[in-house]
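So this one's protein_28.cif, mmCIF, C-alpha atoms:
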```cif
data_final
loop_
_atom_site.label_atom_id
_atom_site.label_comp_id
_atom_site.auth_asym_id
_atom_site.auth_seq_id
_atom_site.Cartn_x
_atom_site.Cartn_y
_atom_site.Cartn_z
CA MET T 1 -37.67 -44.73 -15.49
CA THR T 2 -38.04 -44.04 -19.18
CA ALA T 3 -35.71 -45.08 -21.96
CA ILE T 4 -32.54 -43.06 -22.42
CA PHE T 5 -33.29 -41.93 -25.97
CA ASN T 6 -36.08 -40.04 -27.69
CA THR T 7 -37.57 -41.77 -30.71
CA SER T 8 -38.26 -38.67 -32.84
CA SER T 9 -34.85 -37.08 -32.24
CA THR T 10 -33.12 -40.39 -32.89
CA PHE T 11 -34.94 -40.77 -36.20
CA LYS T 12 -34.00 -37.23 -37.23
CA LYS T 13 -30.34 -37.89 -36.44
CA LEU T 14 -30.55 -41.13 -38.40
CA LEU T 15 -31.93 -39.40 -41.48
CA HIS T 16 -29.19 -36.75 -41.34
CA ASN T 17 -26.61 -39.55 -41.61
CA LYS T 18 -26.28 -40.07 -45.38
CA GLY T 19 -24.94 -43.61 -45.05
CA ALA T 20 -27.70 -44.68 -42.67
CA ALA T 21 -30.37 -43.02 -44.83
CA PHE T 22 -29.05 -44.84 -47.90
CA GLY T 23 -29.07 -48.13 -45.99
CA LEU T 24 -32.60 -47.50 -44.74
CA ILE T 25 -33.84 -46.79 -48.28
CA LEU T 26 -32.28 -50.03 -49.55
CA ILE T 27 -33.88 -51.99 -46.72
CA ILE T 28 -37.32 -50.47 -47.34
CA LEU T 29 -37.04 -51.22 -51.08
CA SER T 30 -36.01 -54.79 -50.25
CA LEU T 31 -39.02 -55.17 -47.95
CA LEU T 32 -41.37 -53.90 -50.67
CA LEU T 33 -39.83 -56.33 -53.17
CA ALA T 34 -40.18 -59.16 -50.67
CA VAL T 35 -43.87 -58.43 -50.05
CA PHE T 36 -45.02 -57.55 -53.59
CA GLY T 37 -42.40 -59.50 -55.55
CA TYR T 38 -44.84 -61.76 -57.40
CA PHE T 39 -46.69 -58.71 -58.76
CA LEU T 40 -43.47 -57.14 -60.06
CA VAL T 41 -41.47 -60.00 -61.56
CA PRO T 42 -41.72 -61.20 -65.19
CA ASP T 43 -42.07 -64.80 -63.97
CA SER T 44 -44.82 -64.93 -61.33
CA SER T 45 -44.93 -68.73 -61.12
CA PRO T 46 -44.32 -70.26 -57.65
CA ASN T 47 -40.65 -69.74 -56.70
CA ALA T 48 -40.11 -68.10 -60.13
CA ASN T 49 -39.49 -71.63 -61.36
CA ARG T 50 -40.67 -71.42 -64.98
CA MET T 51 -38.22 -73.62 -66.87
CA ILE T 52 -37.56 -73.14 -70.60
CA PRO T 53 -34.52 -75.41 -71.21
CA GLU T 54 -34.08 -74.31 -74.84
CA ILE T 55 -32.96 -70.83 -73.71
CA GLY T 56 -30.76 -71.87 -70.78
CA SER T 57 -27.65 -69.88 -69.76
CA LYS T 58 -28.39 -66.80 -71.85
CA LYS T 59 -26.62 -63.50 -71.24
CA PRO T 60 -28.29 -60.35 -69.83
CA GLY T 61 -30.60 -58.60 -72.26
CA TYR T 62 -31.50 -61.78 -74.16
CA GLU T 63 -34.69 -61.36 -76.19
CA VAL T 64 -36.90 -64.10 -77.57
CA GLN T 65 -40.43 -64.74 -78.84
CA LEU T 66 -42.46 -67.15 -76.71
CA LEU T 67 -45.46 -69.07 -77.99
CA ARG T 68 -48.05 -69.72 -75.26
CA ILE T 69 -49.75 -73.11 -75.47
CA HIS T 70 -52.44 -74.32 -73.06
CA ARG T 71 -51.12 -76.66 -70.39
CA GLU T 72 -52.98 -79.92 -69.81
CA LYS T 73 -53.32 -79.31 -66.09
CA THR T 74 -53.89 -75.84 -64.73
CA GLY T 75 -54.85 -74.85 -61.22
CA ASN T 76 -57.72 -72.63 -60.15
CA PRO T 77 -57.27 -68.87 -60.59
CA ALA T 78 -55.18 -67.52 -57.71
CA SER T 79 -56.64 -64.98 -55.29
CA PHE T 80 -54.84 -61.75 -54.47
CA PHE T 81 -53.38 -63.10 -51.22
CA SER T 82 -52.51 -66.45 -52.77
CA LYS T 83 -50.51 -64.70 -55.49
CA LEU T 84 -48.98 -62.36 -52.91
CA LEU T 85 -47.64 -65.31 -50.91
CA ASN T 86 -46.97 -68.04 -53.46
CA GLY T 87 -47.35 -66.66 -56.95
CA VAL T 88 -49.67 -68.24 -59.50
CA GLU T 89 -49.38 -71.45 -61.49
CA ASP T 90 -48.66 -70.94 -65.19
CA GLN T 91 -51.68 -71.51 -67.43
CA TRP T 92 -49.42 -71.73 -70.47
CA GLN T 93 -46.49 -73.71 -71.69
CA TYR T 94 -43.91 -71.27 -73.04
CA VAL T 95 -42.19 -72.37 -76.25
CA PRO T 96 -39.38 -70.24 -77.73
CA VAL T 97 -39.93 -69.66 -81.43
CA GLU T 98 -37.88 -68.05 -84.19
CA SER T 99 -40.86 -67.34 -86.48
CA TYR T 100 -44.53 -68.19 -86.79
CA ARG T 101 -47.54 -67.75 -89.06
CA ALA T 102 -51.25 -68.52 -88.86
CA GLN T 103 -52.69 -70.94 -91.39
CA GLU T 104 -56.45 -71.62 -91.32
CA ASP T 105 -57.16 -73.15 -87.88
CA SER T 106 -53.50 -73.75 -87.01
CA ILE T 107 -50.35 -71.84 -86.20
CA ILE T 108 -47.11 -72.95 -87.84
CA TYR T 109 -43.92 -72.06 -85.99
CA GLN T 110 -40.19 -72.69 -85.99
CA ARG T 111 -39.40 -73.90 -82.48
CA ILE T 112 -35.95 -73.06 -81.12
CA VAL T 113 -34.27 -76.31 -80.08
CA ASP T 114 -30.77 -74.94 -79.51
CA GLU T 115 -28.64 -72.10 -80.74
CA ARG T 116 -29.13 -71.87 -84.52
CA ILE T 117 -31.18 -75.10 -84.51
CA THR T 118 -34.93 -75.01 -85.06
CA GLU T 119 -37.68 -77.47 -85.95
CA ARG T 120 -41.01 -76.93 -87.71
CA LYS T 121 -44.04 -77.52 -85.49
CA SER T 122 -47.73 -76.72 -85.55
CA ALA T 123 -50.54 -76.24 -83.03
CA LEU T 124 -54.26 -75.64 -83.29
CA LEU T 125 -55.39 -72.08 -82.65
CA SER T 126 -57.73 -73.44 -79.98
CA GLN T 127 -54.68 -74.70 -78.08
CA VAL T 128 -52.86 -71.37 -77.87
CA ALA T 129 -53.49 -68.10 -76.05
CA PRO T 130 -55.66 -65.37 -77.60
CA GLU T 131 -52.40 -63.47 -78.13
CA PRO T 132 -50.32 -66.53 -79.01
CA VAL T 133 -46.81 -65.05 -79.15
CA ILE T 134 -45.28 -62.59 -76.71
CA HIS T 135 -41.92 -60.87 -76.77
CA ALA T 136 -39.82 -61.54 -73.65
CA THR T 137 -36.64 -59.80 -72.50
CA PHE T 138 -34.47 -61.44 -69.84
CA TYR T 139 -32.70 -58.41 -68.39
CA LEU T 140 -30.25 -60.44 -66.29
CA GLY T 141 -30.25 -63.50 -68.52
CA THR T 142 -31.35 -67.06 -67.74
CA ASP T 143 -29.84 -69.88 -65.70
CA LYS T 144 -29.01 -73.34 -67.04
CA PHE T 145 -32.66 -74.38 -66.69
CA GLY T 146 -33.91 -71.39 -68.65
CA ARG T 147 -35.33 -69.60 -65.60
CA ASP T 148 -35.37 -65.82 -65.41
CA ILE T 149 -32.51 -64.66 -63.17
CA LEU T 150 -34.15 -61.29 -62.39
CA SER T 151 -37.36 -62.94 -61.17
CA ARG T 152 -35.52 -65.44 -58.96
CA LEU T 153 -33.29 -62.65 -57.63
CA ILE T 154 -36.31 -60.59 -56.55
CA ILE T 155 -38.21 -63.53 -55.03
CA GLY T 156 -34.99 -64.66 -53.32
CA VAL T 157 -34.91 -61.48 -51.21
CA ARG T 158 -37.72 -63.04 -49.17
CA VAL T 159 -35.42 -65.78 -47.94
CA SER T 160 -32.65 -63.40 -46.89
CA LEU T 161 -34.99 -61.02 -45.07
CA ALA T 162 -37.00 -63.84 -43.47
CA VAL T 163 -33.85 -65.54 -42.16
CA GLY T 164 -32.59 -62.21 -40.85
CA ILE T 165 -35.86 -61.29 -39.12
CA ILE T 166 -36.49 -64.67 -37.48
CA ALA T 167 -32.84 -65.21 -36.55
CA VAL T 168 -32.63 -61.75 -34.96
CA ILE T 169 -35.88 -62.32 -33.03
CA ILE T 170 -34.56 -65.65 -31.74
CA SER T 171 -31.16 -64.20 -30.84
CA LEU T 172 -32.67 -61.15 -29.11
CA SER T 173 -35.25 -63.20 -27.19
CA ILE T 174 -32.76 -65.74 -25.85
CA GLY T 175 -29.81 -63.37 -25.56
CA MET T 176 -31.62 -60.61 -23.67
CA ILE T 177 -33.17 -63.05 -21.19
CA LEU T 178 -29.92 -64.88 -20.45
CA GLY T 179 -27.79 -61.73 -20.45
CA ALA T 180 -30.17 -59.85 -18.15
CA LEU T 181 -30.35 -62.73 -15.66
CA ALA T 182 -26.56 -63.19 -15.66
CA GLY T 183 -25.82 -59.48 -15.26
CA TYR T 184 -28.47 -58.80 -12.64
CA PHE T 185 -28.10 -61.80 -10.33
CA ARG T 186 -24.35 -62.39 -10.84
CA GLY T 187 -22.72 -65.14 -8.77
CA ARG T 188 -23.63 -68.74 -9.52
CA THR T 189 -26.38 -67.70 -11.96
CA ASP T 190 -23.83 -65.73 -13.96
CA ASP T 191 -21.35 -68.62 -13.93
CA ILE T 192 -23.90 -71.18 -15.17
CA ILE T 193 -25.30 -68.95 -17.92
CA MET T 194 -21.87 -67.88 -19.16
CA TRP T 195 -20.69 -71.50 -19.19
CA PHE T 196 -23.70 -72.42 -21.33
CA LEU T 197 -23.13 -69.48 -23.69
CA ASN T 198 -19.44 -70.33 -24.07
CA VAL T 199 -20.37 -73.90 -25.00
CA ILE T 200 -22.78 -72.62 -27.69
CA TRP T 201 -20.17 -70.12 -28.89
CA SER T 202 -17.57 -72.87 -29.25
CA ILE T 203 -19.73 -74.78 -31.76
CA PRO T 204 -19.19 -73.56 -35.35
CA THR T 205 -22.38 -72.48 -37.08
CA LEU T 206 -22.00 -75.11 -39.77
CA LEU T 207 -21.70 -77.94 -37.24
CA LEU T 208 -24.70 -76.60 -35.35
CA VAL T 209 -26.70 -76.59 -38.60
CA PHE T 210 -25.61 -80.16 -39.31
CA ALA T 211 -26.76 -81.25 -35.85
CA ILE T 212 -30.14 -79.56 -36.22
CA THR T 213 -30.50 -80.95 -39.75
CA LEU T 214 -29.91 -84.48 -38.49
CA VAL T 215 -32.73 -84.01 -35.97
CA LEU T 216 -35.22 -81.96 -38.02
CA GLY T 217 -34.13 -82.56 -41.63
CA LYS T 218 -33.03 -80.04 -44.26
CA GLY T 219 -35.15 -77.01 -44.87
CA PHE T 220 -36.07 -73.39 -44.38
CA TRP T 221 -36.90 -73.25 -40.68
CA GLN T 222 -33.83 -75.19 -39.55
CA VAL T 223 -31.66 -72.35 -40.88
CA PHE T 224 -33.58 -69.84 -38.73
CA ILE T 225 -33.01 -71.86 -35.57
CA ALA T 226 -29.32 -72.55 -36.20
CA VAL T 227 -28.44 -68.96 -37.13
CA GLY T 228 -30.50 -67.54 -34.23
CA LEU T 229 -28.86 -69.81 -31.66
CA THR T 230 -25.41 -68.93 -32.96
CA MET T 231 -25.98 -65.18 -32.73
CA CYS T 232 -27.70 -65.13 -29.33
CA VAL T 233 -24.29 -65.37 -27.61
CA ASN T 234 -23.17 -61.91 -28.77
CA VAL T 235 -26.45 -60.40 -27.61
CA ALA T 236 -26.28 -62.10 -24.22
CA ARG T 237 -22.71 -60.96 -23.56
CA LEU T 238 -23.56 -57.37 -24.52
CA VAL T 239 -26.72 -57.30 -22.38
CA ARG T 240 -24.85 -58.85 -19.45
CA GLY T 241 -22.23 -56.11 -19.51
CA GLN T 242 -24.83 -53.33 -19.82
CA VAL T 243 -26.97 -54.72 -16.98
CA MET T 244 -23.95 -55.10 -14.70
CA GLY T 245 -23.25 -51.39 -15.09
CA ILE T 246 -26.85 -50.19 -14.75
CA ARG T 247 -27.81 -52.35 -11.75
CA GLU T 248 -25.59 -50.23 -9.49
CA LEU T 249 -27.24 -46.92 -10.44
CA GLU T 250 -29.41 -45.07 -7.95
CA TYR T 251 -32.76 -45.59 -9.66
CA VAL T 252 -32.25 -49.36 -9.64
CA GLU T 253 -31.37 -49.21 -5.92
CA ALA T 254 -34.58 -47.23 -5.44
CA THR T 255 -36.65 -50.03 -6.98
CA ARG T 256 -35.21 -52.45 -4.41
CA VAL T 257 -36.02 -50.06 -1.55
CA LEU T 258 -39.59 -49.72 -2.85
CA GLY T 259 -39.93 -53.50 -2.82
CA TYR T 260 -40.31 -54.06 -6.57
CA SER T 261 -39.73 -57.61 -7.75
CA HIS T 262 -36.55 -58.49 -9.61
CA MET T 263 -38.46 -59.22 -12.83
CA ARG T 264 -40.24 -55.86 -12.74
CA THR T 265 -36.93 -54.08 -12.15
CA ILE T 266 -35.28 -55.90 -15.05
CA ILE T 267 -38.15 -55.61 -17.54
CA ARG T 268 -39.45 -52.13 -16.80
CA HIS T 269 -36.43 -50.24 -15.53
CA ILE T 270 -33.25 -51.84 -16.88
CA LEU T 271 -33.96 -53.33 -20.32
CA PRO T 272 -35.59 -50.15 -21.76
CA ASN T 273 -32.38 -48.28 -20.96
CA ILE T 274 -30.09 -50.63 -22.85
CA LEU T 275 -32.12 -50.75 -26.06
CA GLY T 276 -29.60 -48.52 -27.87
CA PRO T 277 -26.72 -51.02 -27.90
CA VAL T 278 -29.17 -53.88 -28.48
CA MET T 279 -30.60 -52.18 -31.59
CA VAL T 280 -27.10 -51.66 -32.96
CA ILE T 281 -26.10 -55.29 -32.47
CA ALA T 282 -29.47 -56.40 -33.91
CA ALA T 283 -28.67 -54.56 -37.17
CA SER T 284 -25.22 -56.16 -37.22
CA ASN T 285 -26.70 -59.60 -36.55
CA PHE T 286 -29.21 -59.09 -39.37
CA ALA T 287 -26.33 -58.56 -41.81
CA SER T 288 -24.49 -61.59 -40.41
CA ALA T 289 -27.60 -63.77 -40.74
CA ILE T 290 -27.91 -62.91 -44.44
CA VAL T 291 -24.28 -63.90 -45.08
CA ILE T 292 -24.57 -67.08 -43.01
CA GLU T 293 -27.77 -68.14 -44.80
CA ALA T 294 -26.16 -67.55 -48.19
CA GLY T 295 -23.13 -69.61 -47.15
CA LEU T 296 -25.27 -72.47 -45.85
CA SER T 297 -27.39 -72.52 -49.01
CA PHE T 298 -24.21 -72.50 -51.10
CA LEU T 299 -23.05 -75.60 -49.20
CA GLY T 300 -26.40 -77.30 -49.74
CA VAL T 301 -27.59 -77.42 -46.12
CA GLY T 302 -29.81 -74.34 -46.21
CA VAL T 303 -32.76 -73.52 -48.44
CA GLN T 304 -33.54 -76.37 -50.83
CA PRO T 305 -34.44 -76.13 -54.55
CA PRO T 306 -36.55 -74.97 -56.26
CA GLN T 307 -37.00 -72.21 -53.66
CA PRO T 308 -34.80 -69.31 -54.77
CA SER T 309 -31.99 -68.29 -52.44
CA TRP T 310 -29.13 -66.01 -53.36
CA GLY T 311 -26.57 -68.45 -51.95
CA LEU T 312 -28.19 -71.32 -53.84
CA MET T 313 -28.15 -69.28 -57.06
CA ILE T 314 -24.41 -68.72 -56.66
CA LYS T 315 -23.90 -72.44 -56.06
CA GLU T 316 -25.85 -73.37 -59.20
CA ASN T 317 -24.04 -70.88 -61.43
CA TYR T 318 -20.56 -70.18 -60.03
CA ASN T 319 -18.94 -72.24 -62.81
CA PHE T 320 -20.09 -69.61 -65.30
CA ILE T 321 -17.90 -66.91 -63.67
CA ILE T 322 -14.89 -68.02 -65.71
CA THR T 323 -16.86 -68.96 -68.82
CA ASN T 324 -19.32 -67.10 -70.99
CA ASN T 325 -21.90 -65.72 -68.52
CA PRO T 326 -20.52 -64.50 -65.17
CA MET T 327 -23.68 -62.48 -64.40
CA LEU T 328 -25.48 -65.69 -63.36
CA ALA T 329 -23.36 -65.79 -60.19
CA LEU T 330 -22.39 -62.12 -59.91
CA ALA T 331 -26.00 -60.85 -59.73
CA PRO T 332 -26.93 -62.70 -56.49
CA GLY T 333 -23.47 -61.91 -55.09
CA ILE T 334 -23.98 -58.20 -55.68
CA ALA T 335 -27.48 -58.44 -54.14
CA ILE T 336 -26.03 -60.02 -50.98
CA MET T 337 -23.34 -57.35 -50.82
CA LEU T 338 -25.83 -54.47 -51.14
CA LEU T 339 -28.26 -55.81 -48.53
CA VAL T 340 -25.48 -56.57 -46.03
CA LEU T 341 -23.99 -53.11 -46.66
CA ALA T 342 -27.42 -51.55 -46.04
CA PHE T 343 -27.77 -53.16 -42.61
CA ASN T 344 -24.20 -52.32 -41.64
CA LEU T 345 -24.72 -48.69 -42.62
CA LEU T 346 -27.98 -48.63 -40.65
CA GLY T 347 -26.20 -50.14 -37.64
CA ASN T 348 -23.47 -47.48 -37.79
CA GLY T 349 -26.11 -44.78 -38.08
CA LEU T 350 -28.00 -46.15 -35.07
CA ARG T 351 -24.76 -46.26 -33.08
CA ASP T 352 -24.11 -42.57 -33.78
CA ALA T 353 -27.75 -41.48 -33.35
CA LEU T 354 -28.12 -43.30 -30.02
CA ASN T 355 -24.63 -42.33 -28.88
CA VAL T 356 -23.91 -45.95 -28.07
CA LYS T 357 -20.17 -45.31 -27.97
CA GLY T 358 -20.83 -43.16 -24.93
CA GLU T 359 -22.62 -46.03 -23.16
CA ARG T 360 -20.93 -48.12 -20.57
#
```

What would you get if you wrote out this structure as structure tokens?
Amino acid sequence: MTAIFNTSSTFKKLLHNKGAAFGLILIILSLLLAVFGYFLVPDSSPNANRMIPEIGSKKPGYEVQLLRIHREKTGNPASFFSKLLNGVEDQWQYVPVESYRAQEDSIIYQRIVDERITERKSALLSQVAPEPVIHATFYLGTDKFGRDILSRLIIGVRVSLAVGIIAVIISLSIGMILGALAGYFRGRTDDIIMWFLNVIWSIPTLLLVFAITLVLGKGFWQVFIAVGLTMCVNVARLVRGQVMGIRELEYVEATRVLGYSHMRTIIRHILPNILGPVMVIAASNFASAIVIEAGLSFLGVGVQPPQPSWGLMIKENYNFIITNNPMLALAPGIAIMLLVLAFNLLGNGLRDALNVKGER
């Protein structure tokens, strides 16, 4: 028995849905930013963590001249794949300057210490870059450590998409297995599995994260596990209901008459025919995972500094909302909103394209 939907026709219906097409474009752009982010951002240092404290908490569009001085310790030149994954260590120390001039074998410059405060400094020409001073524009401003908000925003999309992908894989893997077994075998198997799922469902996500953190410590992968375990319940309950309806159909009865094993019946003849609803709930879970990860990072139990996370960026800068630079917190908030909206629109488009509302 083949699946109940045709891939090409489903994709055409999806593209004709303006909301779903918009969501799909946003998701594809986010994926491209996540993969090639370090080649696109102004700050390509690992985690976009180049700190210039003298220009901290600047508003969007801030422009400054930066003098590049050789750092004492520099790593080996990064390969293409190394930069793709982790960025590249800065070879220069970036010093904000108000003015500068070359004098014999030295460069004399007015270093910016604070707003309207400068000090006169000098450096040998051998200590600076061949093009010693560059002009930098911080399009979304800088945070309190002088880091580029735009760069950290782009690199931070990796965390949101990674949490969503891994959490959805975990939730689908566990949820489909448990839901299929409960719906197909019913009886005591169904009672035991549903009791287990109800216990998991009764534990708030935050408490589950705390428990996992106590066992494994804070970090990136713990968030994946906690979010995935929390969301597997919805998948399992959906799959259970779908399997209970399909197992009574004639083609499933035919597999029993032909002597097929239960596992073959479930894997080859039942699960392919419930992929529509599962894909819709997967898109919804992806959006939920992004919001949950941002909330956990905001509370300090998710991604840890200096790794950029949109929730962590809001936590570090939310005080500026009511002061002089609200964009520090609004930018990651808007990014979360757009990405969550994209997956919700895609989920609605999949529901209409696959006619899930007509499913049992």

Please enumerate the residues selected by the PyMOL selection byres ((chain T and resi 207-209) around 8) when evaluated against the supplied file, formatted as a VMD selection string.
chain T and resid 203 to 206 210 to 213 222 to 223 226 to 227 301

Counting only C-alpha atoms, the residue of T:Ala20, T:Ala167, T:Leu249, T:Leu66 that sits nearest T:Val280
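Among T:Ala20, T:Ala167, T:Leu249, T:Leu66, it is T:Ala20 that comes nearest to T:Val280.
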
Distance criterion (all atoms listed in the file): nearest to T:Val64 out of T:Arg50, T:Val239, T:Ser82, T:Glu115
T:Glu115

Taking all atoms of stretch 53-65 of chain T that appear in the file, build a box with edges along x, y and z, extend it by 5 Å on every side, and state its centre and edge lengths in Å to one decimal, as JSON.
```
{"center_x": -33.5, "center_y": -67.0, "center_z": -74.3, "size_x": 23.8, "size_y": 26.8, "size_z": 19.1}
```

Would you write out, as a VMD selection string, every residue that the PyMOL selection byres ((chain T and resi 143) around 10) captures in this file?
chain T and resid 51 to 53 55 to 59 140 to 142 144 to 149 152 313 316 to 317 320 325 327 to 329

Please list as a list in words every residue within 10 Å of T:Pro96, counting all atoms listed in the file and excluding residues in the same chain fewer than 2 positions away.
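In the requested form, the answer reads Ile52, Pro53, Glu54, Ile55, Val64, Gln65, Leu66, Leu67, Arg68, Gln93, Tyr94, Glu98, Ser99, Tyr109, Gln110, Arg111, Ile112, Val113, Asp114, Thr118, Val133, Ile134, His135 and Ala136 of chain T.
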
Interatomic distance, atom CA of T:Gly259 to atom CA of T:Ala236 (Å, one decimal)
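Distance reported for this atom pair: 26.8 Å.
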
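Going from atom CA of T:Ala353 to atom CA of T:Lys13 covers 5.4 Å.
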
Residues near T:Leu271, cut-off 9 Å, all atoms listed in the file, skip fewer than 3 positions along chain, as an mmCIF file with C-alpha atoms, keeping the file's coordinate frame:
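Output below, filename selection_33.cif:
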```
data_model
loop_
_atom_site.group_PDB
_atom_site.id
_atom_site.type_symbol
_atom_site.label_atom_id
_atom_site.label_comp_id
_atom_site.auth_asym_id
_atom_site.auth_seq_id
_atom_site.Cartn_x
_atom_site.Cartn_y
_atom_site.Cartn_z
ATOM 1 C CA ALA T 3 -35.710 -45.080 -21.960
ATOM 2 C CA MET T 176 -31.620 -60.610 -23.670
ATOM 3 C CA ALA T 180 -30.170 -59.850 -18.150
ATOM 4 C CA VAL T 239 -26.720 -57.300 -22.380
ATOM 5 C CA VAL T 243 -26.970 -54.720 -16.980
ATOM 6 C CA THR T 265 -36.930 -54.080 -12.150
ATOM 7 C CA ILE T 266 -35.280 -55.900 -15.050
ATOM 8 C CA ILE T 267 -38.150 -55.610 -17.540
ATOM 9 C CA ARG T 268 -39.450 -52.130 -16.800
ATOM 10 C CA ILE T 274 -30.090 -50.630 -22.850
ATOM 11 C CA LEU T 275 -32.120 -50.750 -26.060
#
```

Can you translate the PyMOL selection byres ((chain T and resi 220) around 8) into the concrete residues it hits in this file, as a VMD selection string?
chain T and resid 218 to 219 221 to 224 302 to 304

Which residue gives the smallest distance to T:Gly349 among T:Met279, T:Leu161, T:Leu216, T:Leu178, with only C-alpha atoms counted?
T:Met279

Could you add N, CA and C atoms to stretch 166-181 of chain T and give me the result as a tab-separated table (two decimals), in the frame of the given file?
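Output saved as out-v5.tsv:
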```tsv
chain	number	residue	atom	x	y	z
T	166	ILE	N	-36.25	-63.61	-38.46
T	166	ILE	CA	-36.49	-64.67	-37.48
T	166	ILE	C	-35.25	-64.94	-36.64
T	167	ALA	N	-34.08	-64.95	-37.29
T	167	ALA	CA	-32.84	-65.21	-36.55
T	167	ALA	C	-32.57	-64.10	-35.52
T	168	VAL	N	-32.84	-62.86	-35.90
T	168	VAL	CA	-32.63	-61.75	-34.96
T	168	VAL	C	-33.63	-61.83	-33.81
T	169	ILE	N	-34.89	-62.18	-34.10
T	169	ILE	CA	-35.88	-62.32	-33.03
T	169	ILE	C	-35.46	-63.43	-32.06
T	170	ILE	N	-35.01	-64.56	-32.60
T	170	ILE	CA	-34.56	-65.65	-31.74
T	170	ILE	C	-33.35	-65.22	-30.90
T	171	SER	N	-32.38	-64.60	-31.56
T	171	SER	CA	-31.16	-64.20	-30.84
T	171	SER	C	-31.45	-63.14	-29.78
T	172	LEU	N	-32.34	-62.19	-30.09
T	172	LEU	CA	-32.67	-61.15	-29.11
T	172	LEU	C	-33.46	-61.74	-27.94
T	173	SER	N	-34.42	-62.61	-28.24
T	173	SER	CA	-35.25	-63.20	-27.19
T	173	SER	C	-34.40	-63.99	-26.20
T	174	ILE	N	-33.58	-64.89	-26.72
T	174	ILE	CA	-32.76	-65.74	-25.85
T	174	ILE	C	-31.63	-64.92	-25.23
T	175	GLY	N	-30.96	-64.12	-26.05
T	175	GLY	CA	-29.81	-63.37	-25.56
T	175	GLY	C	-30.15	-62.35	-24.49
T	176	MET	N	-31.25	-61.62	-24.66
T	176	MET	CA	-31.62	-60.61	-23.67
T	176	MET	C	-32.03	-61.26	-22.35
T	177	ILE	N	-32.75	-62.37	-22.42
T	177	ILE	CA	-33.17	-63.05	-21.19
T	177	ILE	C	-31.96	-63.57	-20.42
T	178	LEU	N	-31.08	-64.31	-21.12
T	178	LEU	CA	-29.92	-64.88	-20.45
T	178	LEU	C	-28.95	-63.80	-19.98
T	179	GLY	N	-28.71	-62.80	-20.83
T	179	GLY	CA	-27.79	-61.73	-20.45
T	179	GLY	C	-28.29	-60.92	-19.27
T	180	ALA	N	-29.60	-60.63	-19.25
T	180	ALA	CA	-30.17	-59.85	-18.15
T	180	ALA	C	-30.10	-60.63	-16.84
T	181	LEU	N	-30.42	-61.91	-16.88
T	181	LEU	CA	-30.35	-62.73	-15.66
T	181	LEU	C	-28.92	-62.84	-15.15
```
